[in-house]
file entry_2.csv (CSV, C-alpha atoms)
chain,number,residue,atom,x,y,z
A,1,MET,CA,8.5,-0.7,-7.6
A,2,ALA,CA,8.7,-0.3,-11.4
A,3,ALA,CA,11.2,-3.1,-11.7
A,4,ILE,CA,9.0,-5.4,-9.6
A,5,HIS,CA,5.9,-4.7,-11.6
A,6,ALA,CA,7.7,-5.0,-14.9
A,7,ALA,CA,9.0,-8.4,-14.0
A,8,ASN,CA,5.5,-9.6,-12.9
A,9,LEU,CA,3.9,-8.3,-16.1
A,10,ALA,CA,6.5,-9.8,-18.3
A,11,SER,CA,6.1,-13.2,-16.6
A,12,ASP,CA,2.5,-13.5,-18.0
A,13,PRO,CA,2.4,-14.7,-21.6
A,14,ARG,CA,-0.6,-12.6,-22.4
A,15,VAL,CA,1.3,-9.4,-21.8
A,16,VAL,CA,3.6,-7.5,-24.1
A,17,LEU,CA,5.6,-4.8,-22.3
A,18,ARG,CA,5.7,-2.0,-25.0
A,19,TYR,CA,7.2,1.1,-23.3
A,20,VAL,CA,9.4,2.0,-20.3
A,21,ILE,CA,9.2,5.7,-19.3
A,22,ASP,CA,11.8,7.0,-16.8
A,23,PRO,CA,13.9,10.2,-16.8
A,24,ALA,CA,16.8,8.2,-15.5
A,25,VAL,CA,17.9,7.0,-19.0
A,26,GLU,CA,20.3,4.3,-18.0
A,27,ARG,CA,17.8,2.7,-15.6
A,28,ALA,CA,15.1,2.9,-18.3
A,29,GLU,CA,17.3,1.3,-20.9
A,30,ALA,CA,18.3,-1.5,-18.6
A,31,LEU,CA,14.6,-2.3,-17.7
A,32,ALA,CA,13.5,-2.0,-21.3
A,33,MET,CA,16.3,-4.3,-22.5
A,34,ALA,CA,15.4,-6.9,-19.8
A,35,HIS,CA,11.9,-7.2,-21.1
A,36,GLY,CA,12.1,-6.4,-24.8
A,37,ALA,CA,10.5,-3.0,-24.4
A,38,ILE,CA,11.2,0.5,-25.9
A,39,VAL,CA,12.3,3.6,-23.9
A,40,ALA,CA,9.8,6.3,-24.7
A,41,SER,CA,8.4,9.6,-23.5
A,42,PRO,CA,5.0,9.9,-21.8
A,43,ASP,CA,3.7,11.7,-24.9
A,44,VAL,CA,4.5,8.7,-27.1
A,45,ALA,CA,3.0,6.2,-24.7
A,46,PHE,CA,-0.3,8.0,-24.1
A,47,ALA,CA,-0.7,8.6,-27.9
A,48,ASP,CA,-0.4,4.9,-28.8
A,49,PRO,CA,-4.0,3.6,-29.5
A,50,GLN,CA,-2.8,0.0,-29.1
A,51,ILE,CA,-2.0,0.3,-25.4
A,52,ASP,CA,-4.5,-1.6,-23.3
A,53,ALA,CA,-3.1,-0.7,-19.9
A,54,PHE,CA,-0.7,1.7,-18.2
A,55,VAL,CA,1.3,1.0,-15.0
A,56,ILE,CA,2.2,4.1,-13.0
A,57,ALA,CA,5.1,3.6,-10.6
A,58,SER,CA,6.6,7.1,-10.7
A,59,PRO,CA,7.0,9.5,-7.8
A,60,PRO,CA,3.7,10.3,-6.1
A,61,ARG,CA,3.7,13.9,-7.2
A,62,THR,CA,3.3,12.7,-10.8
A,63,HIS,CA,0.5,10.2,-10.3
A,64,ALA,CA,-2.5,12.5,-10.6
A,65,ASP,CA,-1.2,14.1,-13.8
A,66,TYR,CA,-0.5,10.7,-15.4
A,67,LEU,CA,-3.9,9.3,-14.3
A,68,GLU,CA,-5.7,12.3,-16.0
A,69,ARG,CA,-3.8,11.7,-19.2
A,70,ALA,CA,-4.6,8.0,-19.1
A,71,ALA,CA,-8.3,8.9,-18.6
A,72,GLN,CA,-8.3,10.4,-22.1
A,73,THR,CA,-7.6,6.9,-23.5
A,74,LYS,CA,-9.6,3.7,-23.2
A,75,ALA,CA,-6.9,1.9,-21.3
A,76,TYR,CA,-6.9,0.4,-17.8
A,77,VAL,CA,-4.5,1.9,-15.3
A,78,PHE,CA,-2.6,0.4,-12.4
A,79,CYS,CA,-1.3,3.2,-10.2
A,80,GLU,CA,0.9,3.1,-7.1
A,81,LYS,CA,-0.5,4.8,-4.0
A,82,PRO,CA,-1.1,7.6,-3.2
A,83,ILE,CA,-2.9,9.3,-6.1
A,84,ASP,CA,-1.5,12.5,-4.7
A,85,HIS,CA,-0.4,14.0,-1.3
A,86,ASP,CA,-3.1,16.6,-1.4
A,87,ILE,CA,-6.7,15.6,-0.9
A,88,GLY,CA,-8.0,18.5,-3.0
A,89,ARG,CA,-5.8,17.3,-5.9
A,90,ILE,CA,-7.1,13.7,-5.5
A,91,ARG,CA,-10.7,14.9,-5.6
A,92,THR,CA,-10.0,16.9,-8.8
A,93,CYS,CA,-8.4,13.9,-10.4
A,94,LEU,CA,-11.3,11.6,-9.5
A,95,THR,CA,-13.7,14.1,-11.0
A,96,LYS,CA,-11.8,13.8,-14.3
A,97,LEU,CA,-11.8,10.0,-13.9
A,98,ALA,CA,-15.6,10.0,-13.5
A,99,GLY,CA,-17.1,6.9,-15.1
A,100,ARG,CA,-13.7,5.2,-15.3
A,101,GLU,CA,-12.9,4.6,-11.6
A,102,HIS,CA,-13.5,0.9,-12.2
A,103,LYS,CA,-10.6,0.9,-14.6
A,104,VAL,CA,-8.1,2.4,-12.1
A,105,GLN,CA,-6.5,-0.1,-9.7
A,106,LEU,CA,-4.5,1.3,-6.7
A,107,GLY,CA,-1.4,-0.4,-5.5
A,108,PHE,CA,-2.6,-1.5,-2.0
A,109,ASN,CA,-0.7,-4.8,-2.4
A,110,ARG,CA,-1.4,-6.1,1.2
A,111,ARG,CA,-5.0,-7.0,0.2
A,112,PHE,CA,-3.4,-9.7,-2.0
A,113,ASP,CA,-1.2,-11.2,0.6
A,114,PHE,CA,-2.2,-14.9,1.1
A,115,GLN,CA,-1.9,-14.7,4.9
A,116,PHE,CA,-4.0,-11.6,5.2
A,117,ALA,CA,-6.6,-13.1,2.7
A,118,LYS,CA,-6.9,-16.1,5.0
A,119,LEU,CA,-7.4,-13.8,8.0
A,120,LYS,CA,-10.1,-11.9,6.2
A,121,GLN,CA,-11.9,-15.1,5.3
A,122,ALA,CA,-11.9,-16.2,8.9
A,123,ILE,CA,-13.5,-12.8,9.8
A,124,THR,CA,-16.0,-12.9,7.0
A,125,ASP,CA,-17.0,-16.5,7.8
A,126,GLY,CA,-17.7,-15.5,11.4
A,127,ARG,CA,-15.1,-17.9,12.8
A,128,ILE,CA,-14.2,-15.4,15.6
A,129,GLY,CA,-17.7,-13.8,16.0
A,130,ASN,CA,-18.2,-10.0,16.2
A,131,VAL,CA,-14.8,-8.2,15.9
A,132,GLU,CA,-14.1,-6.1,18.9
A,133,GLN,CA,-10.4,-5.3,18.8
A,134,VAL,CA,-7.7,-5.2,16.0
A,135,LEU,CA,-4.0,-4.7,16.4
A,136,ILE,CA,-1.9,-4.0,13.3
A,137,ILE,CA,1.9,-3.9,13.6
A,138,SER,CA,3.9,-2.4,10.7
A,139,ARG,CA,7.6,-1.7,11.3
A,140,ASP,CA,10.4,-1.2,8.8
A,141,PRO,CA,13.7,-2.9,9.6
A,142,GLU,CA,15.8,0.3,9.4
A,143,ALA,CA,15.1,4.0,9.1
A,144,PRO,CA,16.2,6.1,6.1
A,145,THR,CA,18.9,8.7,6.2
A,146,LEU,CA,17.8,12.3,6.9
A,147,GLU,CA,18.5,13.1,3.2
A,148,GLY,CA,16.7,10.1,2.0
A,149,PHE,CA,13.6,11.0,4.0
A,150,THR,CA,13.5,14.6,2.8
A,151,HIS,CA,11.4,13.8,-0.3
A,152,SER,CA,9.0,11.4,1.5
A,153,SER,CA,5.4,12.3,2.3
A,154,GLY,CA,6.0,10.9,5.8
A,155,LEU,CA,5.3,7.9,8.0
A,156,LEU,CA,1.5,8.4,8.1
A,157,LYS,CA,0.9,9.2,4.4
A,158,GLU,CA,3.5,6.8,3.0
A,159,THR,CA,3.6,3.8,5.3
A,160,ALA,CA,0.5,3.8,7.5
A,161,ILE,CA,-1.7,4.5,4.5
A,162,HIS,CA,-1.3,0.8,3.7
A,163,ASP,CA,-2.6,-0.1,7.1
A,164,PHE,CA,-5.6,2.3,6.8
A,165,ASP,CA,-6.6,0.6,3.5
A,166,LEU,CA,-5.9,-2.9,5.0
A,167,LEU,CA,-8.3,-2.3,8.0
A,168,ARG,CA,-11.1,-1.1,5.7
A,169,TRP,CA,-10.7,-4.2,3.6
A,170,LEU,CA,-10.3,-6.7,6.5
A,171,LEU,CA,-13.3,-5.5,8.4
A,172,ASP,CA,-15.5,-4.3,5.5
A,173,ASP,CA,-16.0,-1.3,7.7
A,174,GLU,CA,-15.1,2.4,7.8
A,175,PRO,CA,-13.2,4.3,10.5
A,176,VAL,CA,-15.1,7.3,11.9
A,177,GLU,CA,-12.6,8.7,14.5
A,178,VAL,CA,-8.8,8.7,14.8
A,179,PHE,CA,-6.2,9.6,17.5
A,180,VAL,CA,-2.5,9.6,16.8
A,181,MET,CA,0.5,9.9,19.2
A,182,ALA,CA,3.7,10.3,17.3
A,183,ASP,CA,7.4,11.3,17.8
A,184,ALA,CA,10.8,11.1,16.3
A,185,LEU,CA,12.3,8.6,18.7
A,186,ILE,CA,14.7,7.0,16.3
A,187,ASN,CA,16.2,10.1,14.7
A,188,PRO,CA,15.2,13.4,16.4
A,189,ASP,CA,16.6,15.3,13.4
A,190,TYR,CA,13.6,14.1,11.4
A,191,LEU,CA,11.7,16.8,13.1
A,192,THR,CA,13.7,19.4,11.2
A,193,ILE,CA,12.1,18.3,8.0
A,194,GLY,CA,8.6,17.9,9.5
A,195,HIS,CA,8.7,14.1,9.9
A,196,ILE,CA,8.2,11.5,12.6
A,197,ASP,CA,9.4,7.9,12.8
A,198,THR,CA,7.2,6.3,15.5
A,199,ALA,CA,3.4,6.4,15.7
A,200,THR,CA,0.6,4.8,17.6
A,201,THR,CA,-2.8,5.3,16.0
A,202,THR,CA,-6.1,4.3,17.5
A,203,LEU,CA,-9.3,4.3,15.4
A,204,ARG,CA,-12.9,3.7,16.1
A,205,MET,CA,-14.8,1.9,13.3
A,206,LYS,CA,-18.4,2.6,12.4
A,207,SER,CA,-19.3,-0.8,13.9
A,208,GLY,CA,-17.7,0.2,17.2
A,209,THR,CA,-14.6,-1.9,16.7
A,210,HIS,CA,-11.4,-0.5,18.2
A,211,VAL,CA,-8.2,-0.6,16.0
A,212,THR,CA,-4.7,0.1,17.1
A,213,ILE,CA,-1.9,0.5,14.6
A,214,LEU,CA,1.8,0.6,15.6
A,215,ASN,CA,4.1,2.1,13.0
A,216,SER,CA,7.9,2.4,13.3
A,217,LEU,CA,10.8,3.0,10.9
A,218,ARG,CA,13.0,0.6,12.9
A,219,ALA,CA,12.7,-3.0,14.0
A,220,ALA,CA,16.2,-4.4,14.5
A,221,PHE,CA,15.1,-8.0,13.8
A,222,GLY,CA,13.5,-7.5,10.4
A,223,TYR,CA,10.4,-6.4,8.6
A,224,ASP,CA,7.7,-6.6,11.3
A,225,GLN,CA,4.3,-7.2,9.8
A,226,ARG,CA,1.7,-8.7,12.2
A,227,ILE,CA,-2.0,-8.6,12.8
A,228,GLU,CA,-4.3,-9.8,15.7
A,229,VAL,CA,-8.0,-9.7,15.5
A,230,LEU,CA,-10.1,-10.4,18.6
A,231,GLY,CA,-13.8,-11.3,18.3
A,232,SER,CA,-16.6,-12.5,20.6
A,233,LEU,CA,-15.9,-16.1,19.7
A,234,GLY,CA,-12.1,-16.2,19.5
A,235,GLN,CA,-9.0,-14.6,18.0
A,236,ALA,CA,-7.3,-14.8,14.6
A,237,ALA,CA,-3.7,-13.7,14.0
A,238,VAL,CA,-1.0,-13.5,11.3
A,239,GLY,CA,2.6,-13.6,12.5
A,240,ASN,CA,5.8,-12.6,10.7
A,241,VAL,CA,7.0,-14.5,7.7
A,242,ALA,CA,10.6,-16.0,7.8
A,243,GLN,CA,12.7,-17.6,5.2
A,244,SER,CA,12.4,-20.9,7.1
A,245,LEU,CA,9.7,-22.1,9.5
A,246,VAL,CA,12.1,-24.4,11.3
A,247,VAL,CA,12.3,-23.8,15.1
A,248,LEU,CA,15.2,-25.4,16.8
A,249,SER,CA,14.8,-26.4,20.5
A,250,ASP,CA,17.8,-27.8,22.4
A,251,GLN,CA,19.5,-27.4,25.8
A,252,MET,CA,20.7,-24.0,24.7
A,253,GLY,CA,17.2,-22.7,24.2
A,254,ILE,CA,14.7,-22.2,21.4
A,255,THR,CA,15.8,-20.5,18.2
A,256,ALA,CA,14.1,-19.5,14.9
A,257,GLU,CA,15.0,-17.4,11.9
A,258,LYS,CA,14.3,-13.7,11.9
A,259,PRO,CA,11.5,-12.3,9.7
A,260,LEU,CA,12.2,-11.5,6.1
A,261,TRP,CA,14.2,-8.2,5.9
A,262,ASN,CA,12.2,-6.0,3.5
A,263,TYR,CA,9.0,-5.5,1.6
A,264,PRO,CA,10.0,-6.9,-1.7
A,265,GLU,CA,10.8,-10.2,0.0
A,266,ARG,CA,7.8,-10.2,2.4
A,267,TYR,CA,5.2,-9.2,-0.2
A,268,ALA,CA,6.6,-10.8,-3.3
A,269,GLN,CA,3.6,-13.1,-3.6
A,270,ALA,CA,1.2,-10.2,-3.1
A,271,TYR,CA,2.9,-8.1,-5.8
A,272,ARG,CA,2.5,-11.0,-8.2
A,273,THR,CA,-1.1,-11.6,-7.3
A,274,GLU,CA,-2.2,-8.0,-7.5
A,275,MET,CA,-0.7,-7.7,-11.0
A,276,LEU,CA,-2.3,-11.0,-12.1
A,277,GLN,CA,-5.7,-9.6,-11.0
A,278,PHE,CA,-5.0,-6.4,-12.9
A,279,ILE,CA,-4.1,-8.4,-16.0
A,280,GLU,CA,-7.3,-10.5,-15.6
A,281,ALA,CA,-9.4,-7.3,-15.4
A,282,VAL,CA,-7.8,-5.9,-18.5
A,283,ALA,CA,-8.4,-9.1,-20.4
A,284,SER,CA,-12.0,-9.6,-19.3
A,285,GLY,CA,-13.1,-5.9,-19.1
A,286,ASN,CA,-14.2,-6.4,-15.5
A,287,PRO,CA,-13.9,-3.7,-12.8
A,288,VAL,CA,-10.7,-3.6,-10.7
A,289,THR,CA,-10.2,-3.5,-6.9
A,290,PRO,CA,-8.9,-1.7,-4.9
A,291,ASN,CA,-10.0,1.3,-7.1
A,292,ALA,CA,-9.5,5.0,-7.2
A,293,PHE,CA,-12.2,5.6,-4.6
A,294,ASP,CA,-10.2,3.3,-2.2
A,295,GLY,CA,-7.2,5.5,-2.8
A,296,LEU,CA,-9.2,8.6,-1.9
A,297,ARG,CA,-10.6,7.0,1.3
A,298,ALA,CA,-7.2,5.9,2.5
A,299,SER,CA,-5.8,9.4,1.9
A,300,VAL,CA,-8.7,11.0,3.8
A,301,ILE,CA,-7.9,8.8,6.8
A,302,ALA,CA,-4.2,9.7,6.6
A,303,GLU,CA,-5.1,13.4,6.5
A,304,ALA,CA,-7.2,13.1,9.6
A,305,ALA,CA,-4.4,11.1,11.3
A,306,ILE,CA,-2.0,14.0,10.6
A,307,LEU,CA,-4.5,16.5,11.9
A,308,SER,CA,-4.8,14.5,15.1
A,309,MET,CA,-1.1,14.2,15.5
A,310,GLN,CA,-0.7,18.0,15.1
A,311,SER,CA,-3.6,18.9,17.4
A,312,LYS,CA,-3.0,16.1,19.9
A,313,GLN,CA,-6.7,15.5,19.9
A,314,PRO,CA,-9.1,12.9,18.4
A,315,VAL,CA,-10.4,13.8,15.0
A,316,VAL,CA,-13.6,12.8,13.3
A,317,ILE,CA,-12.9,11.4,9.9
A,318,GLU,CA,-15.0,13.0,7.2
A,319,PRO,CA,-17.2,10.8,5.1
A,320,VAL,CA,-16.3,10.5,1.4
call {"tool": "encode", "arguments": {"input": "entry_2.csv", "output": "C-alpha cells"}}
result
Amino acid sequence: MAAIHAANLASDPRVVLRYVIDPAVERAEALAMAHGAIVASPDVAFADPQIDAFVIASPPRTHADYLERAAQTKAYVFCEKPIDHDIGRIRTCLTKLAGREHKVQLGFNRRFDFQFAKLKQAITDGRIGNVEQVLIISRDPEAPTLEGFTHSSGLLKETAIHDFDLLRWLLDDEPVEVFVMADALINPDYLTIGHIDTATTTLRMKSGTHVTILNSLRAAFGYDQRIEVLGSLGQAAVGNVAQSLVVLSDQMGITAEKPLWNYPERYAQAYRTEMLQFIEAVASGNPVTPNAFDGLRASVIAEAAILSMQSKQPVVIEPV
C-alpha cells in the first residue's frame, strides 16, 4: 500500500514527499528515489516541525504507536486500517488522540469507489425506498500460502472489516447483531494457525435492515466485488468491474471479460480519490472522513463477528 499511496501523493503538485520510512532499506531507497524523498527513521520524521501530514502504511501492529506519536505534532494523519488488532489498544489510542480525531483519516478506500458512491446516492435519494435487504460479496481471486497467512489478522479482521465499514457508510446505519458461519474450505490447514477462508455473515441493522456478507479467499474468475440493495420501491446493484465492458454474442454463445484480478486494479480510482480528499483536508484544515472513530466502530463489529464464529451463536454488537 505504501507504494500506491506514495504515487498518488506525488501526483499532486501541492505535495512534497519528504521522507520514506521502512526497515527494508532497499525498498525504502527505491521508493524515495522514485519520488525525490529521503530515507529516514521515525524519530527524524516525527521531530520535523515542517511536516503537515503523515501517511501510515506499515504493518497493523505498528499503527497505534505511530498514531500516538503523530498526535504529539500538529500534523494530519492518514492511517491504513486497522488501528490495531486489539480493541482495548484501539480505545487507548483514541483516548490519546482526543480532540484530534478529525485529523486522522482511516484507509477505508471503498467509500471512495465511484460505483459504490453512485449506489449510496441512489439509497440516500430514496430511489429504492426503505432498504430491506443488502447483499455484499467480497472474494479474493486466490488464497495466500499457509506461510503467507501466518502473520495476517484473519479474514474477518483484515478483509471483512472493509465490508463492515462499507455497510455503515452505505446505509448511514449501525449493525446491532451479527451471526457468522465460517470454515476453512479452501485450505483446511489454515485451521492450524487459527484462520478461516470462507465466511457468511448476517447482520441486523438498527433500522431492521438485513445484511448478508459473503467473504472468500478464492474466486477463480477474478476479484469478486458486488453489492445488491433491495428496497420497498426497487433494487440497486453494483456488478464486477472488468478491463473491457464489451460483451460478444454469437452462435457460440455470449462471452465477456473476467473481472479485474486484484485490489490495486479494481480500486485504483478509489485509492486516488481517498488520498485527494486527504490532501484537500490538510490544505483547508477541514475534518477528514472516515475518521478514527470509524476505525474503532469497524473493529468492534469485527470482534463481535469473531465471537459469533467461535460461539456459533448470534452476538449483540456493543455500542461505541
call {"tool": "closest_residue", "arguments": {"input": "entry_2.csv", "among": "A:Ala304, A:Leu135, A:Ile128, A:Met181", "to": "Ser232 of chain A", "atoms": "only C-alpha atoms"}}
result
A:Ile128
call {"tool": "atom_distance", "arguments": {"input": "entry_2.csv", "atom1": "atom CA of His102 of chain A", "atom2": "atom CA of Arg168 of chain A"}}
result
18.2 Å
call {"tool": "closest_residue", "arguments": {"input": "entry_2.csv", "among": "A:Gln105, A:His35, A:Ala236, A:Gly208", "to": "Ala3 of chain A", "atoms": "all atoms listed in the file"}}
result
A:His35
call {"tool": "residues_near_point", "arguments": {"input": "entry_2.csv", "point": "(-7.0, 7.7, -22.0)", "cutoff": "12 Å", "atoms": "all atoms listed in the file", "output": "list of chain:residue names"}}
result
A:Asp43, A:Ala45, A:Phe46, A:Ala47, A:Asp48, A:Pro49, A:Gln50, A:Ile51, A:Asp52, A:Ala53, A:Phe54, A:Asp65, A:Tyr66, A:Leu67, A:Glu68, A:Arg69, A:Ala70, A:Ala71, A:Gln72, A:Thr73, A:Lys74, A:Ala75, A:Tyr76, A:Val77, A:Lys96, A:Leu97, A:Arg100, A:Lys103, A:Val104
call {"tool": "residues_around", "arguments": {"input": "entry_2.csv", "residues": "Pro188 of chain A", "least_positions_apart": "3", "cutoff": "12 Å", "atoms": "all atoms listed in the file", "output": "count of residues only"}}
result
15
call {"tool": "closest_residue", "arguments": {"input": "entry_2.csv", "among": "A:His5, A:Lys258, A:His162, A:Lys118", "to": "Ile136 of chain A", "atoms": "all atoms listed in the file"}}
result
A:His162
call {"tool": "atom_distance", "arguments": {"input": "entry_2.csv", "atom1": "atom CA of Ala305 of chain A", "atom2": "atom CA of Pro319 of chain A"}}
result
14.2 Å
call {"tool": "atom_distance", "arguments": {"input": "entry_2.csv", "atom1": "atom CA of Phe114 of chain A", "atom2": "atom CA of Val134 of chain A"}}
result
18.6 Å
call {"tool": "closest_residue", "arguments": {"input": "entry_2.csv", "among": "A:Ile38, A:Leu307, A:Val241, A:Leu233", "to": "Val178 of chain A", "atoms": "only C-alpha atoms"}}
result
A:Leu307
call {"tool": "closest_residue", "arguments": {"input": "entry_2.csv", "among": "A:Val229, A:Ala242, A:Ala117, A:Leu214", "to": "Leu156 of chain A", "atoms": "all atoms listed in the file"}}
result
A:Leu214
call {"tool": "residues_around", "arguments": {"input": "entry_2.csv", "residues": "segment 216-220 of chain A", "least_positions_apart": "4", "cutoff": "8 Å", "atoms": "only C-alpha atoms", "output": "list in words"}}
result
Ser138, Arg139, Asp140, Pro141, Glu142, Ala143, Pro144, Leu155, Ile186, Asp197, Thr198, Ala199 and Asp224 of chain A
call {"tool": "closest_residue", "arguments": {"input": "entry_2.csv", "among": "A:Val238, A:Ala2, A:Ala98, A:Leu203", "to": "Val176 of chain A", "atoms": "all atoms listed in the file"}}
result
A:Leu203
call {"tool": "residues_near_point", "arguments": {"input": "entry_2.csv", "point": "(-16.2, -6.2, 17.7)", "cutoff": "6 Å", "atoms": "only C-alpha atoms", "output": "PyMOL selection string"}}
result
chain A and resi 130-133+209+231
call {"tool": "residues_around", "arguments": {"input": "entry_2.csv", "residues": "segment 19-25 of chain A", "least_positions_apart": "3", "cutoff": "6 Å", "atoms": "all atoms listed in the file", "output": "list in words"}}
result
Ala28, Ala32, Ala37, Ile38, Val39, Ala40 and Ser41 of chain A
call {"tool": "residues_around", "arguments": {"input": "entry_2.csv", "residues": "Ala122 of chain A", "least_positions_apart": "6", "cutoff": "10 Å", "atoms": "all atoms listed in the file", "output": "VMD selection string"}}
result
chain A and resid 116 128 to 129 170 235 to 237
call {"tool": "build_atoms", "arguments": {"input": "entry_2.csv", "residues": "segment 256-271 of chain A", "atoms": "N, CA and C atoms", "output": "PDB file, in the coordinates of the input"}}
result
ATOM      1  N   ALA A 256      14.778 -19.508  16.219  1.00  0.00           N
ATOM      2  CA  ALA A 256      14.100 -19.500  14.900  1.00  0.00           C
ATOM      3  C   ALA A 256      14.674 -18.371  14.093  1.00  0.00           C
ATOM      4  N   GLU A 257      14.417 -18.422  12.796  1.00  0.00           N
ATOM      5  CA  GLU A 257      15.000 -17.400  11.900  1.00  0.00           C
ATOM      6  C   GLU A 257      14.206 -16.069  12.090  1.00  0.00           C
ATOM      7  N   LYS A 258      14.904 -14.996  11.813  1.00  0.00           N
ATOM      8  CA  LYS A 258      14.300 -13.700  11.900  1.00  0.00           C
ATOM      9  C   LYS A 258      13.309 -13.502  10.719  1.00  0.00           C
ATOM     10  N   PRO A 259      12.395 -12.539  10.829  1.00  0.00           N
ATOM     11  CA  PRO A 259      11.500 -12.300   9.700  1.00  0.00           C
ATOM     12  C   PRO A 259      12.251 -11.830   8.469  1.00  0.00           C
ATOM     13  N   LEU A 260      11.608 -11.986   7.323  1.00  0.00           N
ATOM     14  CA  LEU A 260      12.200 -11.500   6.100  1.00  0.00           C
ATOM     15  C   LEU A 260      12.529 -10.002   6.275  1.00  0.00           C
ATOM     16  N   TRP A 261      13.565  -9.533   5.556  1.00  0.00           N
ATOM     17  CA  TRP A 261      14.200  -8.200   5.900  1.00  0.00           C
ATOM     18  C   TRP A 261      13.416  -7.037   5.305  1.00  0.00           C
ATOM     19  N   ASN A 262      12.812  -7.178   4.124  1.00  0.00           N
ATOM     20  CA  ASN A 262      12.200  -6.000   3.500  1.00  0.00           C
ATOM     21  C   ASN A 262      10.931  -6.317   2.758  1.00  0.00           C
ATOM     22  N   TYR A 263      10.272  -5.271   2.264  1.00  0.00           N
ATOM     23  CA  TYR A 263       9.000  -5.500   1.600  1.00  0.00           C
ATOM     24  C   TYR A 263       9.001  -6.238   0.323  1.00  0.00           C
ATOM     25  N   PRO A 264      10.049  -6.110  -0.536  1.00  0.00           N
ATOM     26  CA  PRO A 264      10.000  -6.900  -1.700  1.00  0.00           C
ATOM     27  C   PRO A 264      10.060  -8.426  -1.443  1.00  0.00           C
ATOM     28  N   GLU A 265      10.728  -8.812  -0.353  1.00  0.00           N
ATOM     29  CA  GLU A 265      10.800 -10.200   0.000  1.00  0.00           C
ATOM     30  C   GLU A 265       9.426 -10.620   0.686  1.00  0.00           C
ATOM     31  N   ARG A 266       8.991  -9.838   1.658  1.00  0.00           N
ATOM     32  CA  ARG A 266       7.800 -10.200   2.400  1.00  0.00           C
ATOM     33  C   ARG A 266       6.545 -10.230   1.532  1.00  0.00           C
ATOM     34  N   TYR A 267       6.439  -9.297   0.607  1.00  0.00           N
ATOM     35  CA  TYR A 267       5.200  -9.200  -0.200  1.00  0.00           C
ATOM     36  C   TYR A 267       5.402  -9.594  -1.645  1.00  0.00           C
ATOM     37  N   ALA A 268       6.399 -10.412  -1.930  1.00  0.00           N
ATOM     38  CA  ALA A 268       6.600 -10.800  -3.300  1.00  0.00           C
ATOM     39  C   ALA A 268       5.408 -11.515  -3.908  1.00  0.00           C
ATOM     40  N   GLN A 269       4.795 -12.402  -3.152  1.00  0.00           N
ATOM     41  CA  GLN A 269       3.600 -13.100  -3.600  1.00  0.00           C
ATOM     42  C   GLN A 269       2.447 -12.117  -3.844  1.00  0.00           C
ATOM     43  N   ALA A 270       2.293 -11.161  -2.941  1.00  0.00           N
ATOM     44  CA  ALA A 270       1.200 -10.200  -3.100  1.00  0.00           C
ATOM     45  C   ALA A 270       1.376  -9.313  -4.294  1.00  0.00           C
ATOM     46  N   TYR A 271       2.612  -8.924  -4.593  1.00  0.00           N
ATOM     47  CA  TYR A 271       2.900  -8.100  -5.800  1.00  0.00           C
ATOM     48  C   TYR A 271       2.507  -8.907  -7.057  1.00  0.00           C
TER      49      TYR A 271
END
